[in-house]
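Student: Here's a structure for you.
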2 protein chains.
Amino acid sequence: MTELTKILLDETEMPTQWYNIVADLPEPPPPPLHPGTHEPATGADFSAIFPEALIAQEMSQERYIDIPGEVLDVYRLWRPSPLFRAHRLEKLLDTPAKIYYKYEGVSPAGSHKPNTAVPQVWYNAQEGITKLTTETGAGQWGSSLAFACAQFGLESEIWQVAASYRAKPHRRTMMEIWGGKVHPSPSEVTEFGRSLLAQDPDHPGSLGIAISEAVSEAIEDPKTRYALGSVLNHVLLHQTIIGEEALLQLAKVGDVPDVLVGCTGGGSNFGGLAFPFLREKLKGNMNPVIRCVEPTACPTLTKGQYRYDFGDTAGLTPLMKMHTLGASFIPEPIHAGGLRYHGMAPLVSHVYNLGLVEAIAIPQTECFAGALQFARSEGIVPAPEPTHAIAAAIREALLCKETGEEKTILTALCGHGHLDLASYDKYMSGEMVDLDLSDDVIAAAMKGVPVIG
Amino acid sequence: MTELTKILLDETEMPTQWYNIVADLPEPPPPPLHPGTHEPATGADFSAIFPEALIAQEMSQERYIDIPGEVLDVYRLWRPSPLFRAHRLEKLLDTPAKIYYKYEGVSPAGSHKPNTAVPQVWYNAQEGITKLTTETGAGQWGSSLAFACAQFGLESEIWQVAASYRAKPHRRTMMEIWGGKVHPSPSEVTEFGRSLLAQDPDHPGSLGIAISEAVSEAIEDPKTRYALGSVLNHVLLHQTIIGEEALLQLAKVGDVPDVLVGCTGGGSNFGGLAFPFLREKLKGNMNPVIRCVEPTACPTLTKGQYRYDFGDTAGLTPLMKMHTLGASFIPEPIHAGGLRYHGMAPLVSHVYNLGLVEAIAIPQTECFAGALQFARSEGIVPAPEPTHAIAAAIREALLCKETGEEKTILTALCGHGHLDLASYDKYMSGEMVDLDLSDDVIAAAMKGVPVIG
């Protein structure tokens, strides 16, 4: 092989601005609404939990936003991340397609999440905030926030869903290595947590409960704010550095994607990769098919409705217009914990609704089968979430094998699976099953979604 | 900060030759001896367990050996590995020293071990071998060999020390992801294993026993060979790509090390980084202090004797002249499992005996304290083995703080700690203790070492 395997950027070539897709959309996205009045939410509605700079980014119409120098300095610990040409997977599949994957597992926490954790912590620090709270499930987001807080000397306090806290002690250890204070949720720390533990001392917890605990703790202290790892506009904004780098890297080898596939949970990894390419598509510079990939057990885009709904189960957040399965929907315990979210980022939902991107759902056993092919050819063991993106890339590559088309496929490997190996164990031992979601379950959850206007 | 954080090489700049330090030493290293005759061992003495090409490398006097093209293709999945300037650690320590670390955790298996696993598998494949056997403790080497076998379509069969097999199931999973067949050792597969299980069905095993099982299985089948992950000359040879890359990377930023520190278990990571720099030192191009760092619980160089001894506990290998604590010595169960070896690579022992390199021993709690400082500043969570190198680099940097010297320190971060987080848990909870080794224990083990000549 003479063609490059890794297309690298020197850190001097790292993009210095994030890209805000709102500036280029044919229609503006519907605004979030105040849950009480159903009027468009204002900055003040968010100010108890987020710092001003992030609220401004959340509502910004600016096309590009400068990345602060101190954030760039931390990004340099792992960015620019490599873009790989999957020569060995292509050979295994015997496909004429070219497959590229942008790998975010090189970050300290092992996923794309630090791309937003670092600026979120930095902006909070600029406003005198000394502690951040958050929730985490499997722990990718919590560990990313703890890492970022360690970089700027802030405290981090993390509520981890109790079932995960007990089943995955290593992610907790990772958070503690970076100085994070971790509670199982429900916890004795908050009133809400204590009330739940009084009912059930072994309560397994949920993300919705953990969010409520983290938010309530942030509201109580003026030096404390809350941080969210996906869904919101400013989070997707920070992740666009992934796609901006990938554009530069593909240009280095003179390639343009025909198909772009990314996994979608809250939507930040997908938006991060896809939005800079969508900009180029809207400008007429390229014409890739852009496709979201979600689990069949949590098919937010393919089976959910585009409605105003709450971001959390308890109904504390503003109402956001998004594809949703209903805020009370509790997805099955699939292994891609990061994709178990009832809603979808409003920006991703909006571009999907406009027909600018497609969506498909893939069952988890197909995803793990693809991940094994990937690991045995490319070496890297993927996290359960991006196995969906890999399975979709493999589907496309096998289609090319049938048709003989030499398509260029781009995907994002948003994290490694070093702390998720038990999932592989379950797959290889034949114990993993696909969890079909009945329409009745979705219909029941959708009943709780408020009717607006 | 304007100075680079990561000094990268493009894969077109990757070295294409390994460096054999034997060609440049002022005295040749003492040869291995046949255990029966005590005469210098010949290639034939190794041919039942290793392929011809690797035996030739083991005995080679050539200064440079070409890396085969297909090996370079696999290396490109992660090589050249990055050289980091530890700006943020330097700031935390408030030191005038510059600290660089070469990071090998970017490999699929997460350490430097694939650097030799890949060529070992390739050379075996060229000679028609279809299966490789090996032993593994914590699992770094076993997973590297399984990964390499997956790349070239060979089977891999791995005996993992039973205590580790049971305590660290995730490394086993990783080996299985890459197609490895893993047995707890002692196993029912070999006669030796069965005999031990008959005595104790819950036998915890040891590396020595696992080696015996893997070797005996290799000897039985002409299409099967055995692979070793450290100690031998050809293994250290393959690892020199680490140091060759680091030389190119430091040259890019115009720096030369004043001090080079590396952790030593079997010696392959240390030799891999240090030997190319030792060549430059011998040529008079630079004059770094080169220092081995070992655990106080297994102080092979600092407390062992330079004697002919067996490489394994059962006494099956040729006799090698090396620093040894006695082949019957069982080190305490410290967390840096990869440093728990009674001997030291003959080549590292030889250059130490010649006074070309120094050695120190550091207790594990100091190592983990340094690792926490490192993780909170640089982000990466180190494996327990390189925490020794980090602690030594920190010692040197703090000395510079006292003296005001602006020394350039180079070290190797030979792996990440994603599968070793339980060690950090133990350290942070205050349960980790330093395991002092009494001179009586060493003296007892040394009694079993054969007296030669």
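Every chain in the structure tokens has a letter given in the order shown (A, B, ...), and although residue numbers restart at 1 in each chain, ligands are simply numbered from 1 in the order shown.
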Excluding same-chain residues fewer than 3 positions from Gly326 in chain B, what lies within 7 Å of it counting only C-alpha atoms, as a list in words?

Tutor: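 Everything that qualifies: Phe329, His342, Ala445, Met446, Gly448 and Val449 of chain B.
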
Student: Please provide as a PyMOL selection string all residues within 9 Å of Arg172 in chain B, with the sequence filter that same-chain residues fewer than 6 positions apart are discarded (counting only C-alpha atoms).

Tutor: chain B and resi 139+142-143+160+165+180-182

Student: Considering only C-alpha atoms, extract the chain B residues located within 7 Å of chain A and return them as JSON, numbers by chain.

Tutor: {"B": [1, 5, 73, 76, 77, 108, 147, 150, 151, 170, 173, 177, 178, 372, 375, 376, 377, 379, 380, 418, 419, 421, 422, 425]}

Student: Would you compute the distance between CA of Asp66 in chain B and CA of Thr116 in chain B? Give it in Å to one decimal.

Tutor: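 Result for CA of Asp66 in chain B versus CA of Thr116 in chain B: 13.8 Å, one decimal.
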
Student: Mind giving me the straight-line distance from CA of Pro318 in chain A to CA of Gln199 in chain A in Å, one decimal?

Tutor: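 So the answer is 28.4 Å.
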
Student: For range 305-312 of chain B, list every protein, DNA or RNA residue within 10 Å, evaluated using only C-alpha atoms, and leave out those in the same chain fewer than 4 positions away; present the list as a PyMOL selection string.

Tutor: chain B and resi 30-33+35+38+207-212+231-232+300-301+316-328+341-346+349-350+352-353+442+446+448-452

Student: From the list A:Gln61, A:Thr313, A:Asn285, A:Asn115, which residue is nearest Ile330 in chain A when using only C-alpha atoms?

Tutor: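 Counting only C-alpha atoms, the residue closest to Ile330 in chain A is A:Thr313.
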
Student: One decimal, Å: what's the distance from CA of Ser164 in chain B over to CA of Ile49 in chain B, could you say?

Tutor: 25.0 Å

Student: Determine the nearest neighbour of Leu92 in chain B from the options B:Gly370, B:Gly254, B:Gly205, B:Pro363, counting only C-alpha atoms.

Tutor: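 Checking each of B:Gly370, B:Gly254, B:Gly205, B:Pro363 against Leu92 in chain B, counting only C-alpha atoms, the winner is B:Gly370.
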
Student: For Leu250 in chain B, which of B:Asp436, B:Val441, B:Lys98, B:Ile360 is the closest residue, counting only C-alpha atoms?

Tutor: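 Selected residue with least distance to Leu250 in chain B: B:Lys98.
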
Student: Residues within 8 Å of Gly43 in chain B, please, as a list in words. Count only C-alpha atoms; anything in the same chain fewer than 2 positions from it doesn't count.

Tutor: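 Listing them by chain and then by number gives Ala41, Asp45, Phe46, Ser47, Glu52, Ile55 and Ala56 of chain B.
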